[in-house]
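Next comes target17.cif, with mmCIF, C-alpha atoms and all ligand atoms.
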```
data_my_file
loop_
_atom_site.label_atom_id
_atom_site.label_comp_id
_atom_site.auth_asym_id
_atom_site.auth_seq_id
_atom_site.Cartn_x
_atom_site.Cartn_y
_atom_site.Cartn_z
CA MET T 1142 -58.70 -7.65 104.35
CA ASP T 1143 -56.22 -7.55 101.45
CA ILE T 1144 -54.09 -10.58 100.61
CA LEU T 1145 -51.21 -10.50 98.14
CA VAL T 1146 -50.37 -13.85 96.53
CA ILE T 1147 -47.06 -14.23 94.71
CA GLY T 1148 -46.87 -16.53 91.67
CA SER T 1149 -48.56 -17.42 88.41
CA GLY T 1150 -49.12 -21.18 88.27
CA GLY T 1151 -51.79 -23.75 88.98
CA ARG T 1152 -50.60 -23.84 92.57
CA GLU T 1153 -51.26 -20.12 92.96
CA HIS T 1154 -54.65 -20.45 91.25
CA ALA T 1155 -55.57 -23.13 93.81
CA ILE T 1156 -54.24 -20.91 96.63
CA CYS T 1157 -56.32 -17.95 95.39
CA TRP T 1158 -59.38 -20.20 94.97
CA ALA T 1159 -59.06 -21.52 98.55
CA LEU T 1160 -58.53 -17.99 99.93
CA SER T 1161 -61.50 -16.69 97.93
CA LYS T 1162 -63.83 -19.14 99.68
CA SER T 1163 -63.02 -17.64 103.10
CA LYS T 1164 -65.81 -16.22 105.23
CA ARG T 1165 -63.52 -13.24 105.73
CA GLN T 1166 -64.08 -12.32 102.07
CA PRO T 1167 -60.56 -11.08 101.40
CA LYS T 1168 -59.68 -8.87 98.49
CA LEU T 1169 -57.08 -10.83 96.53
CA ILE T 1170 -54.21 -9.39 94.58
CA CYS T 1171 -51.85 -11.67 92.66
CA ALA T 1172 -48.42 -10.90 91.21
CA PRO T 1173 -48.24 -11.68 88.37
CA GLY T 1174 -51.17 -14.18 88.19
CA ASN T 1175 -52.64 -15.68 85.02
CA ALA T 1176 -55.93 -15.68 83.09
CA GLY T 1177 -57.65 -18.01 85.56
CA ILE T 1178 -56.39 -16.19 88.64
CA ALA T 1179 -57.64 -12.93 87.11
CA GLU T 1180 -61.20 -14.17 87.69
CA LEU T 1181 -60.56 -14.19 91.46
CA ALA T 1182 -57.88 -11.58 92.02
CA GLU T 1183 -56.59 -8.30 90.74
CA CYS T 1184 -53.40 -9.16 88.86
CA VAL T 1185 -50.36 -6.93 89.22
CA ASP T 1186 -47.61 -7.09 86.65
CA LEU T 1187 -44.64 -7.86 88.89
CA LYS T 1188 -42.21 -10.73 88.32
CA VAL T 1189 -41.74 -13.18 91.20
CA GLU T 1190 -37.97 -12.51 91.13
CA ASP T 1191 -38.48 -8.76 91.46
CA ILE T 1192 -38.00 -8.67 95.22
CA SER T 1193 -37.57 -4.90 95.51
CA GLY T 1194 -40.53 -4.28 93.19
CA ILE T 1195 -42.80 -6.51 95.28
CA VAL T 1196 -41.67 -4.94 98.55
CA LYS T 1197 -42.24 -1.46 97.09
CA TRP T 1198 -45.74 -2.46 95.96
CA ALA T 1199 -46.49 -3.90 99.42
CA LYS T 1200 -45.31 -0.72 101.16
CA GLU T 1201 -47.62 1.34 98.96
CA HIS T 1202 -50.69 -0.92 99.21
CA LYS T 1203 -50.24 -2.44 102.69
CA PRO T 1204 -51.74 -5.94 102.27
CA ASN T 1205 -52.72 -7.63 105.55
CA LEU T 1206 -51.03 -10.87 104.47
CA VAL T 1207 -48.60 -11.99 101.76
CA VAL T 1208 -48.68 -15.63 100.59
CA ILE T 1209 -45.58 -16.60 98.61
CA GLY T 1210 -46.13 -19.50 96.19
CA PRO T 1211 -42.88 -20.35 94.33
CA GLU T 1212 -39.45 -21.29 95.66
CA ILE T 1213 -37.48 -18.66 93.75
CA PRO T 1214 -38.68 -15.57 95.67
CA LEU T 1215 -38.43 -17.56 98.93
CA CYS T 1216 -34.82 -18.51 98.19
CA LEU T 1217 -34.10 -14.91 97.17
CA GLY T 1218 -35.29 -13.68 100.58
CA LEU T 1219 -38.66 -12.09 99.77
CA ALA T 1220 -40.13 -13.19 103.11
CA ASP T 1221 -37.16 -11.66 104.98
CA GLU T 1222 -37.62 -8.30 103.26
CA LEU T 1223 -41.38 -8.25 103.85
CA ILE T 1224 -41.08 -9.28 107.51
CA LYS T 1225 -38.49 -6.51 108.00
CA GLU T 1226 -41.15 -4.06 106.81
CA GLY T 1227 -43.66 -5.46 109.31
CA PHE T 1228 -45.84 -7.58 106.99
CA GLN T 1229 -47.51 -10.88 107.89
CA VAL T 1230 -45.97 -13.49 105.60
CA PHE T 1231 -46.86 -17.06 104.70
CA GLY T 1232 -43.59 -18.57 103.45
CA PRO T 1233 -40.18 -19.20 105.04
CA THR T 1234 -37.27 -16.79 105.20
CA LYS T 1235 -34.17 -17.36 103.07
CA ASP T 1236 -32.40 -19.46 105.71
CA GLY T 1237 -35.36 -21.86 105.94
CA ALA T 1238 -35.79 -21.94 102.16
CA GLN T 1239 -32.34 -23.54 101.93
CA LEU T 1240 -34.16 -26.80 102.60
CA GLU T 1241 -35.09 -26.57 98.93
CA GLY T 1242 -32.36 -24.22 97.69
CA SER T 1243 -29.46 -26.47 98.70
CA LYS T 1244 -29.57 -30.26 98.64
CA ASP T 1245 -26.27 -30.26 100.52
CA PHE T 1246 -27.74 -28.12 103.36
CA THR T 1247 -30.66 -30.54 103.64
CA LYS T 1248 -28.48 -33.62 103.51
CA LYS T 1249 -26.31 -32.29 106.35
CA LEU T 1250 -29.38 -31.42 108.44
CA LEU T 1251 -30.84 -34.89 107.90
CA LEU T 1252 -27.62 -36.74 108.70
CA ASP T 1253 -26.75 -34.59 111.73
CA ASN T 1254 -30.17 -35.29 113.22
CA ASP T 1255 -30.50 -39.00 112.35
CA ILE T 1256 -33.46 -38.37 110.04
CA PRO T 1257 -33.81 -41.30 107.62
CA THR T 1258 -32.51 -40.55 104.12
CA ALA T 1259 -30.40 -42.12 101.36
CA LYS T 1260 -26.66 -42.54 101.88
CA SER T 1261 -24.80 -39.87 99.93
CA GLY T 1262 -21.67 -37.88 99.17
CA THR T 1263 -21.32 -34.20 98.20
CA PHE T 1264 -18.72 -33.09 95.67
CA ASN T 1265 -17.36 -29.88 94.16
CA ASP T 1266 -14.67 -31.74 92.26
CA PHE T 1267 -15.56 -33.63 89.08
CA GLU T 1268 -12.82 -36.28 89.36
CA LYS T 1269 -13.70 -37.06 92.98
CA ALA T 1270 -17.39 -37.29 92.08
CA LEU T 1271 -16.53 -39.67 89.25
CA ALA T 1272 -14.42 -41.84 91.55
CA TYR T 1273 -17.26 -42.00 94.10
CA VAL T 1274 -19.76 -43.06 91.44
CA ARG T 1275 -17.39 -45.80 90.27
CA THR T 1276 -16.91 -47.20 93.77
CA GLN T 1277 -20.64 -47.08 94.58
CA GLY T 1278 -21.85 -48.60 91.30
CA ALA T 1279 -25.28 -48.25 89.68
CA PRO T 1280 -28.16 -47.57 89.96
CA ILE T 1281 -27.24 -44.24 91.52
CA VAL T 1282 -28.79 -40.77 91.69
CA ILE T 1283 -27.01 -37.52 90.77
CA LYS T 1284 -28.48 -34.27 92.11
CA ALA T 1285 -27.45 -30.70 91.34
CA ASP T 1286 -27.08 -28.92 94.69
CA GLY T 1287 -29.05 -25.77 93.83
CA LEU T 1288 -32.38 -24.87 92.27
CA ALA T 1289 -32.73 -26.34 88.78
CA ALA T 1290 -36.44 -25.91 88.00
CA GLY T 1291 -37.16 -29.51 89.00
CA LYS T 1292 -34.69 -30.87 86.43
CA GLY T 1293 -31.54 -31.23 88.53
CA VAL T 1294 -32.02 -34.89 89.51
CA THR T 1295 -30.86 -37.75 87.28
CA VAL T 1296 -31.65 -41.31 88.24
CA CYS T 1297 -28.88 -43.30 86.53
CA GLU T 1298 -29.33 -46.95 85.65
CA ASN T 1299 -25.69 -47.49 84.76
CA ILE T 1300 -22.27 -45.94 85.30
CA GLN T 1301 -22.12 -44.39 81.80
CA GLN T 1302 -25.34 -42.50 82.49
CA ALA T 1303 -23.97 -41.34 85.84
CA GLU T 1304 -20.74 -40.16 84.22
CA SER T 1305 -22.59 -38.16 81.61
CA ALA T 1306 -24.94 -36.69 84.27
CA LEU T 1307 -21.87 -35.53 86.20
CA GLU T 1308 -20.37 -34.07 83.06
CA GLU T 1309 -23.58 -32.23 82.18
CA ALA T 1310 -23.89 -30.73 85.66
CA MET T 1311 -20.27 -30.04 86.56
CA LYS T 1312 -18.51 -29.48 83.22
CA LYS T 1313 -21.15 -28.37 80.72
CA LYS T 1314 -22.95 -26.46 83.48
CA VAL T 1315 -26.42 -27.19 82.07
CA PHE T 1316 -27.90 -26.11 85.43
CA GLY T 1317 -25.58 -23.09 85.70
CA ASP T 1318 -24.09 -22.57 89.16
CA ALA T 1319 -26.74 -24.86 90.68
CA GLY T 1320 -24.80 -27.87 89.37
CA ALA T 1321 -21.27 -26.80 90.34
CA LYS T 1322 -21.76 -28.86 93.50
CA VAL T 1323 -23.51 -32.25 93.29
CA VAL T 1324 -25.01 -34.63 95.81
CA ILE T 1325 -24.61 -38.27 94.77
CA GLU T 1326 -27.16 -40.52 96.38
CA GLU T 1327 -27.86 -44.18 96.89
CA PHE T 1328 -30.82 -45.32 94.74
CA LEU T 1329 -33.83 -45.99 96.95
CA GLU T 1330 -36.43 -48.51 95.92
CA GLY T 1331 -40.04 -48.15 96.91
CA GLU T 1332 -43.15 -46.11 96.36
CA GLU T 1333 -43.04 -42.32 96.50
CA ALA T 1334 -45.42 -40.02 98.33
CA SER T 1335 -45.53 -36.35 99.25
CA ILE T 1336 -46.68 -35.01 102.57
CA LEU T 1337 -47.01 -31.31 102.92
CA ALA T 1338 -47.23 -29.72 106.33
CA PHE T 1339 -48.16 -26.31 107.69
CA VAL T 1340 -45.39 -25.00 109.94
CA ASP T 1341 -45.56 -21.86 112.10
CA GLY T 1342 -42.06 -21.91 113.58
CA GLU T 1343 -43.13 -24.04 116.56
CA THR T 1344 -45.81 -26.46 115.40
CA VAL T 1345 -46.05 -28.85 112.43
CA VAL T 1346 -49.48 -29.82 111.15
CA PRO T 1347 -49.35 -32.34 108.29
CA MET T 1348 -51.89 -32.01 105.49
CA VAL T 1349 -53.58 -34.96 103.81
CA SER T 1350 -51.11 -36.99 101.71
CA ALA T 1351 -50.74 -36.70 97.95
CA GLN T 1352 -48.86 -38.34 95.15
CA ASP T 1353 -47.84 -36.76 91.89
CA HIS T 1354 -46.66 -38.19 88.57
CA LYS T 1355 -43.39 -36.55 87.57
CA ARG T 1356 -42.77 -38.21 84.19
CA ILE T 1357 -44.29 -36.85 81.00
CA PHE T 1358 -45.61 -40.10 79.49
CA ASP T 1359 -48.04 -42.82 80.53
CA GLY T 1360 -46.52 -45.65 82.54
CA ASP T 1361 -44.30 -43.08 84.32
CA LYS T 1362 -41.98 -43.00 81.29
CA GLY T 1363 -39.99 -40.23 79.64
CA PRO T 1364 -38.32 -37.14 81.10
CA ASN T 1365 -39.22 -35.54 84.43
CA THR T 1366 -41.63 -32.61 84.48
CA GLY T 1367 -42.92 -30.36 87.24
CA GLY T 1368 -45.74 -32.92 87.66
CA MET T 1369 -48.39 -34.15 85.21
CA GLY T 1370 -51.11 -35.07 87.68
CA ALA T 1371 -51.71 -36.02 91.28
CA TYR T 1372 -54.15 -37.59 93.67
CA SER T 1373 -54.98 -37.35 97.35
CA PRO T 1374 -54.82 -39.33 99.56
CA ALA T 1375 -51.87 -41.53 98.56
CA PRO T 1376 -53.06 -44.98 99.72
CA VAL T 1377 -49.46 -45.97 100.51
CA VAL T 1378 -49.45 -43.48 103.42
CA THR T 1379 -51.26 -45.35 106.18
CA ASP T 1380 -52.08 -43.92 109.63
CA LYS T 1381 -49.18 -45.86 111.10
CA LEU T 1382 -46.84 -44.41 108.51
CA ASN T 1383 -48.19 -40.92 109.17
CA GLU T 1384 -47.35 -41.30 112.83
CA GLU T 1385 -43.83 -42.52 111.97
CA ILE T 1386 -43.29 -39.65 109.52
CA MET T 1387 -44.34 -37.12 112.15
CA ARG T 1388 -42.14 -38.63 114.87
CA LYS T 1389 -39.04 -39.51 112.83
CA ILE T 1390 -39.05 -36.81 110.17
CA PHE T 1391 -41.21 -33.70 110.68
CA VAL T 1392 -40.63 -33.15 114.40
CA PRO T 1393 -36.83 -33.65 114.31
CA THR T 1394 -36.58 -31.45 111.20
CA LEU T 1395 -38.36 -28.58 112.93
CA GLU T 1396 -36.24 -29.10 116.05
CA ALA T 1397 -33.09 -29.00 113.90
CA LEU T 1398 -34.21 -25.77 112.24
CA LYS T 1399 -34.98 -24.23 115.63
CA LYS T 1400 -31.55 -25.22 116.94
CA MET T 1401 -30.07 -23.33 113.98
CA GLY T 1402 -32.13 -20.28 114.94
CA ILE T 1403 -34.40 -20.62 111.90
CA VAL T 1404 -38.06 -19.69 112.44
CA TYR T 1405 -39.69 -21.66 109.61
CA LYS T 1406 -43.17 -20.46 108.66
CA GLY T 1407 -45.12 -21.69 105.65
CA VAL T 1408 -45.33 -25.06 103.97
CA LEU T 1409 -42.76 -27.77 104.42
CA TYR T 1410 -43.07 -30.22 101.54
CA LEU T 1411 -41.63 -33.62 102.23
CA GLY T 1412 -40.83 -35.91 99.30
CA LEU T 1413 -40.61 -39.46 100.59
CA MET T 1414 -39.58 -42.86 99.37
CA ILE T 1415 -41.42 -45.55 101.28
CA THR T 1416 -38.72 -48.22 101.25
CA LYS T 1417 -39.23 -51.65 102.75
CA ASP T 1418 -37.24 -50.61 105.86
CA ALA T 1419 -38.67 -47.17 106.52
CA PRO T 1420 -39.92 -43.96 104.93
CA LYS T 1421 -36.87 -41.97 103.82
CA VAL T 1422 -36.53 -38.33 102.84
CA ILE T 1423 -35.83 -37.78 99.13
CA GLU T 1424 -36.26 -34.03 99.20
CA TYR T 1425 -37.71 -31.06 100.99
CA ASN T 1426 -39.39 -28.16 99.25
CA CYS T 1427 -40.05 -24.87 100.99
CA ARG T 1428 -43.50 -24.33 99.45
CA PHE T 1429 -46.69 -25.98 98.29
CA GLY T 1430 -46.26 -28.56 95.49
CA ASP T 1431 -47.63 -28.08 92.01
CA PRO T 1432 -49.87 -29.98 91.19
CA GLU T 1433 -50.21 -31.41 94.75
CA THR T 1434 -51.81 -28.16 95.93
CA GLN T 1435 -54.58 -28.59 93.36
CA VAL T 1436 -55.61 -31.87 95.03
CA VAL T 1437 -54.85 -31.00 98.65
CA LEU T 1438 -56.46 -27.56 99.07
CA PRO T 1439 -59.84 -28.65 97.64
CA ARG T 1440 -59.98 -31.09 100.58
CA LEU T 1441 -59.34 -28.40 103.22
CA LYS T 1442 -62.47 -27.70 105.25
CA THR T 1443 -60.99 -25.09 107.61
CA ASP T 1444 -61.02 -21.46 106.43
CA PHE T 1445 -57.72 -21.12 104.51
CA VAL T 1446 -57.30 -17.44 105.43
CA ASN T 1447 -57.35 -18.47 109.10
CA VAL T 1448 -54.78 -21.18 108.42
CA CYS T 1449 -52.44 -18.77 106.61
CA MET T 1450 -52.79 -16.16 109.35
CA ALA T 1451 -52.14 -18.76 112.06
CA VAL T 1452 -48.97 -19.84 110.23
CA ALA T 1453 -47.75 -16.26 109.80
CA GLN T 1454 -48.50 -15.39 113.44
CA GLY T 1455 -47.17 -18.59 115.02
CA LYS T 1456 -50.62 -19.61 116.27
CA LEU T 1457 -51.16 -22.97 114.55
CA SER T 1458 -51.53 -24.81 117.85
CA HIS T 1459 -54.74 -22.81 118.48
CA LEU T 1460 -56.37 -23.95 115.26
CA LYS T 1461 -58.05 -27.25 114.45
CA ILE T 1462 -57.42 -28.04 110.79
CA GLU T 1463 -60.04 -30.26 109.21
CA TRP T 1464 -60.10 -32.15 105.91
CA ASP T 1465 -62.77 -33.56 103.67
CA GLU T 1466 -62.73 -37.37 103.46
CA GLN T 1467 -63.58 -37.13 99.76
CA PRO T 1468 -60.55 -37.96 97.55
CA THR T 1469 -59.36 -35.73 94.72
CA ALA T 1470 -57.31 -36.26 91.56
CA CYS T 1471 -55.95 -33.87 88.97
CA VAL T 1472 -54.76 -34.07 85.39
CA VAL T 1473 -52.33 -31.54 83.92
CA MET T 1474 -52.82 -30.44 80.31
CA ALA T 1475 -49.49 -29.37 78.83
CA SER T 1476 -48.24 -27.74 75.63
CA GLU T 1477 -46.85 -29.83 72.79
CA GLY T 1478 -43.13 -30.38 73.34
CA TYR T 1479 -43.17 -29.87 77.14
CA PRO T 1480 -40.92 -30.46 79.14
CA GLY T 1481 -38.73 -29.38 76.21
CA SER T 1482 -39.44 -26.20 74.24
CA TYR T 1483 -43.07 -25.51 73.36
CA PRO T 1484 -45.15 -22.98 71.45
CA LYS T 1485 -47.22 -20.31 73.19
CA GLY T 1486 -50.34 -18.40 72.23
CA LYS T 1487 -52.60 -21.36 71.32
CA VAL T 1488 -56.26 -20.53 71.82
CA ILE T 1489 -57.96 -22.62 74.53
CA THR T 1490 -61.64 -23.53 74.11
CA GLY T 1491 -64.11 -25.40 76.29
CA LEU T 1492 -63.06 -23.80 79.59
CA MET T 1493 -66.58 -22.63 80.49
CA GLU T 1494 -68.06 -26.02 79.70
CA ALA T 1495 -65.39 -27.76 81.81
CA GLN T 1496 -65.97 -25.38 84.73
CA MET T 1497 -69.70 -26.10 84.63
CA LYS T 1498 -69.13 -29.81 85.15
CA LYS T 1499 -70.08 -31.18 88.54
CA ASN T 1500 -67.23 -32.14 90.84
CA ALA T 1501 -64.53 -30.61 88.67
CA LEU T 1502 -62.31 -27.56 89.17
CA VAL T 1503 -60.23 -26.00 86.43
CA PHE T 1504 -57.00 -24.38 87.59
CA HIS T 1505 -54.89 -22.37 85.17
CA SER T 1506 -51.13 -22.96 85.15
CA GLY T 1507 -49.75 -21.18 82.09
CA THR T 1508 -52.41 -19.02 80.45
CA VAL T 1509 -52.89 -15.37 79.52
CA LEU T 1510 -55.77 -13.33 78.18
CA LYS T 1511 -55.12 -12.08 74.64
CA ASP T 1512 -57.74 -10.21 72.62
CA ARG T 1513 -60.40 -11.50 75.05
CA GLN T 1514 -59.35 -15.11 74.47
CA VAL T 1515 -57.53 -17.38 76.90
CA VAL T 1516 -54.33 -18.61 75.24
CA THR T 1517 -51.49 -20.89 76.32
CA ALA T 1518 -48.47 -19.23 77.91
CA GLY T 1519 -46.50 -22.03 79.57
CA GLY T 1520 -45.41 -25.65 79.47
CA ARG T 1521 -48.06 -26.74 81.89
CA VAL T 1522 -51.22 -24.97 80.78
CA LEU T 1523 -54.14 -26.21 82.91
CA CYS T 1524 -54.69 -28.51 85.82
CA VAL T 1525 -58.13 -30.07 86.10
CA THR T 1526 -59.13 -31.47 89.49
CA GLY T 1527 -61.92 -33.96 90.02
CA LEU T 1528 -63.64 -34.79 93.30
CA GLY T 1529 -65.35 -38.09 94.02
CA SER T 1530 -66.28 -40.63 96.63
CA ASN T 1531 -63.15 -42.58 95.70
CA ILE T 1532 -60.05 -41.94 93.59
CA LYS T 1533 -61.54 -43.72 90.58
CA GLU T 1534 -64.55 -41.42 90.60
CA ALA T 1535 -62.39 -38.35 91.20
CA LEU T 1536 -60.32 -39.33 88.15
CA GLN T 1537 -63.42 -39.90 86.03
CA ASN T 1538 -64.65 -36.42 86.95
CA ALA T 1539 -61.28 -34.86 86.15
CA TYR T 1540 -61.00 -36.63 82.79
CA ALA T 1541 -64.61 -35.75 81.86
CA ALA T 1542 -63.72 -32.06 82.24
CA VAL T 1543 -60.37 -32.48 80.43
CA GLY T 1544 -62.32 -34.07 77.56
CA VAL T 1545 -64.14 -30.85 76.69
CA ILE T 1546 -61.06 -28.58 76.72
CA ARG T 1547 -59.14 -28.11 73.49
CA PHE T 1548 -55.99 -26.35 72.35
CA GLU T 1549 -53.63 -27.24 69.53
CA GLY T 1550 -50.97 -29.79 70.55
CA ALA T 1551 -52.47 -30.39 74.03
CA GLN T 1552 -50.93 -33.39 75.77
CA PHE T 1553 -51.97 -35.04 79.01
CA ARG T 1554 -51.45 -38.38 80.66
CA LYS T 1555 -54.26 -40.90 80.42
CA ASP T 1556 -53.15 -43.00 83.39
CA ILE T 1557 -53.02 -40.64 86.37
CA GLY T 1558 -53.57 -42.55 89.60
CA TRP T 1559 -52.81 -45.99 88.16
CA ARG T 1560 -50.99 -47.09 91.29
CA ALA T 1561 -53.77 -45.92 93.58
CA LEU T 1562 -56.35 -47.73 91.43
CA LYS T 1563 -54.38 -50.96 91.77
CA SER T 1564 -54.30 -50.87 95.57
P1 LIG T 1601 -36.51 -34.54 93.27
O1 LIG T 1601 -36.33 -33.45 92.23
O2 LIG T 1601 -35.52 -34.52 94.39
O3 LIG T 1601 -37.94 -34.69 93.66
O4 LIG T 1601 -36.23 -35.90 92.49
C1 LIG T 1601 -36.92 -36.21 91.32
C2 LIG T 1601 -37.26 -37.65 91.30
O5 LIG T 1601 -36.07 -38.45 91.28
C3 LIG T 1601 -38.00 -38.15 92.54
O6 LIG T 1601 -39.35 -37.90 92.47
C4 LIG T 1601 -37.67 -39.62 92.51
O7 LIG T 1601 -38.51 -40.29 91.61
C5 LIG T 1601 -36.28 -39.65 91.98
N1 LIG T 1601 -35.29 -39.76 93.08
C6 LIG T 1601 -34.69 -38.76 93.77
N2 LIG T 1601 -33.84 -39.25 94.69
C7 LIG T 1601 -33.91 -40.60 94.59
C8 LIG T 1601 -33.24 -41.68 95.26
N3 LIG T 1601 -32.31 -41.48 96.19
N4 LIG T 1601 -33.57 -42.94 94.89
C9 LIG T 1601 -34.47 -43.17 93.91
N5 LIG T 1601 -35.11 -42.21 93.23
C10 LIG T 1601 -34.83 -40.93 93.56
N1 LIG T 1602 -44.82 -31.62 92.00
C1 LIG T 1602 -43.54 -31.49 92.54
C2 LIG T 1602 -43.20 -30.19 93.11
O1 LIG T 1602 -44.00 -29.29 93.23
O2 LIG T 1602 -42.05 -30.03 93.50
#
```
As structure tokens, what does this structure read like?
Ligand code: AMP
Ligand code: GLY
Amino acid sequence: MDILVIGSGGREHAICWALSKSKRQPKLICAPGNAGIAELAECVDLKVEDISGIVKWAKEHKPNLVVIGPEIPLCLGLADELIKEGFQVFGPTKDGAQLEGSKDFTKKLLLDNDIPTAKSGTFNDFEKALAYVRTQGAPIVIKADGLAAGKGVTVCENIQQAESALEEAMKKKVFGDAGAKVVIEEFLEGEEASILAFVDGETVVPMVSAQDHKRIFDGDKGPNTGGMGAYSPAPVVTDKLNEEIMRKIFVPTLEALKKMGIVYKGVLYLGLMITKDAPKVIEYNCRFGDPETQVVLPRLKTDFVNVCMAVAQGKLSHLKIEWDEQPTACVVMASEGYPGSYPKGKVITGLMEAQMKKNALVFHSGTVLKDRQVVTAGGRVLCVTGLGSNIKEALQNAYAAVGVIRFEGAQFRKDIGWRALKS
């Protein structure tokens, strides 16, 4: 069978890797892919935003399944167009993708259905937003309504910070149209965790928990990034909490979507704050997380092609999904300057040696092949996953592989998993 995967990051490399292990021995095609993915899949030079180009390619080549990685094509309606043409698709349609594409849509859904989340207000008007911030006081959280490449959220420690965040979003338009509307949220205190779930329109099956590190520097300091490392499981997510999350969050969310006539198929990514009262929703994403995927999929024991097919065909309830007990942890190696501007084209060495290491997997995030050499091509460049009998060992294995990889200006966090190691 032929499977088309859309995307070019570490998440898509992990997706291709998991698909490639299937007993069904699929032929993988990835658009556009990267240098690591090219070892597992035929890469096709199509941009993820090129909806009509991808649909045209699919009509010509007739893949048996399309797995959509990133949020942008999902929010642009790629799944809708492919389903219209009769393809099996892993990834929600545009209406479902609003869970990530509009914070206001999600906030309304949560409040209307009594799903626990932070208190908030939504504003189109700068003066009204400012007045709300002043009455609520700090700390407070300002969120651009639309997609902002993971940078649209500002956690403000004081009112001045909140005022400038509002100005940046609403007046200076640093997030473009995505920040014309803002959601202003109560600051929640607690520990964060992510739970991703497979959803087939009718059934929700949570995956093993994970936790990523969003900040660029050790000690969770500095600006937010797409994620600098992750580990699975997140010890904070106990069995009791899992049950509560299923009952109070996942099930009512799916029911709410169904009531709206939305058939949600794909991954529902729940970002949680475990406050002292209850787990509360911080965000939903309509896709796998990056780098969470690189720690979650290596723990999946069930054939991933079967899982994707069951999701696309609404047959998840027929499938038993099993996970490896063995924990995983990953470390992201990024370009100098990331999450700000960064150079490209730096030669990467040591990849073979890292790949040969026991209990380590090297996923490519931003790489390309140039003159037969793998060179950097993104902010996040590689994501190295370690497996072990506990998180400490998984981290040691990840860092041992990171230690043999070199490229000029490489930066990575040295303290991934510090919270998990404490508990
Ligand atoms: P998001 O892009 O929605 O994942 O938000 C980015 C980060 O901002 C989250 O991972 C949290 O660390 C933080 N954050 C978002 N909303 C809140 C909130 N209501 N209270 C505290 N921190 C938050
Ligand atoms: N690692 C966070 C995300 O994928 O949204």
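Distance annotation: of T:Val1274, T:Ala1371, T:Val1408, T:Met1497, the residue with the minimal separation from ligand LIG 1602 (chain T) is T:Ala1371; atom set is only C-alpha atoms and all ligand atoms.
Interatomic distance, CA of Gln1467 (chain T) to CA of Ala1159 (chain T): 16.3 Å.
Minimum atom-to-atom distances from T:Val1525, T:Ile1156, T:Val1340, T:Leu1215 to Tyr1540 (chain T) were compared using only C-alpha atoms, and the lowest value belongs to T:Val1525.
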Requested in this report: Kindly work out which residues sit at most 6 Å from ligand LIG 1601 (chain T), using all atoms listed in the file, and give the list as a PyMOL selection string.
Outcome: chain T and resi 1259+1282+1291+1294+1326-1329+1423-1424
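Candidate residues T:Tyr1372, T:Phe1267, T:Phe1339, T:Phe1231 were compared for distance to ligand LIG 1602 (chain T), and the nearest is T:Tyr1372, using all atoms listed in the file.
Comparing T:Arg1428, T:Lys1498, T:Lys1244, T:His1459 by their smallest distance to ligand LIG 1602 (chain T), the closest is T:Arg1428 (using all atoms listed in the file).
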List the spatial neighbours of Asn1500 (chain T) as an mmCIF file with C-alpha atoms, in the coordinates of the input - criterion: any atom at most 8 Å away, all atoms listed in the file, same-chain residues fewer than 4 positions off excluded.
```
data_model
loop_
_atom_site.group_PDB
_atom_site.id
_atom_site.type_symbol
_atom_site.label_atom_id
_atom_site.label_comp_id
_atom_site.auth_asym_id
_atom_site.auth_seq_id
_atom_site.Cartn_x
_atom_site.Cartn_y
_atom_site.Cartn_z
ATOM 1 C CA GLY T 1527 -61.920 -33.960 90.020
ATOM 2 C CA LEU T 1528 -63.640 -34.790 93.300
ATOM 3 C CA GLY T 1529 -65.350 -38.090 94.020
ATOM 4 C CA ALA T 1535 -62.390 -38.350 91.200
ATOM 5 C CA ASN T 1538 -64.650 -36.420 86.950
#
```
Report summary line: Using all atoms listed in the file, the residue out of T:Leu1411, T:Val1488, T:Val1516, T:Ala1561 with shortest distance to ligand LIG 1602 (chain T) is T:Leu1411
Query raised in the report: Could you state the separation of CA of Asp1143 (chain T) and CA of Ala1338 (chain T) in Å, given to one decimal place?
Result: 24.4 Å
Can I get the residues of chain T within 7 Å of ligand LIG 1602 (chain T), each with the closest pair of atoms and their distance in Å to one decimal, using only C-alpha atoms and all ligand atoms, sorted chain first then ascending number, as a tab-separated table?
```
residue	atom	partner	partner_atom	distance
T:Gly1291	CA	T:LIG1602	O2	6.7
T:Asp1353	CA	T:LIG1602	N1	6.0
T:Lys1355	CA	T:LIG1602	N1	6.8
T:Gly1367	CA	T:LIG1602	N1	5.3
T:Gly1368	CA	T:LIG1602	N1	4.6
T:Asn1426	CA	T:LIG1602	O2	6.6
T:Phe1429	CA	T:LIG1602	O1	6.6
T:Gly1430	CA	T:LIG1602	O1	3.3
T:Asp1431	CA	T:LIG1602	O1	4.0
T:Pro1432	CA	T:LIG1602	N1	5.4
T:Glu1433	CA	T:LIG1602	N1	6.1
```
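For the residues T:Leu1307, T:Ala1155, T:Val1146, T:Ile1213, ranking by smallest atom-to-atom distance to Glu1183 (chain T) using all atoms listed in the file places T:Val1146 first.
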**Report entry** Shell of 8 Å around Leu1395 (chain T), only C-alpha atoms, local chain residues under 6 positions omitted, as a VMD selection string
**Finding:** chain T and resid 1342 to 1343 1345 1405
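Between CA of Lys1399 (chain T) and CA of Gly1237 (chain T) lies a distance of 10.0 Å.
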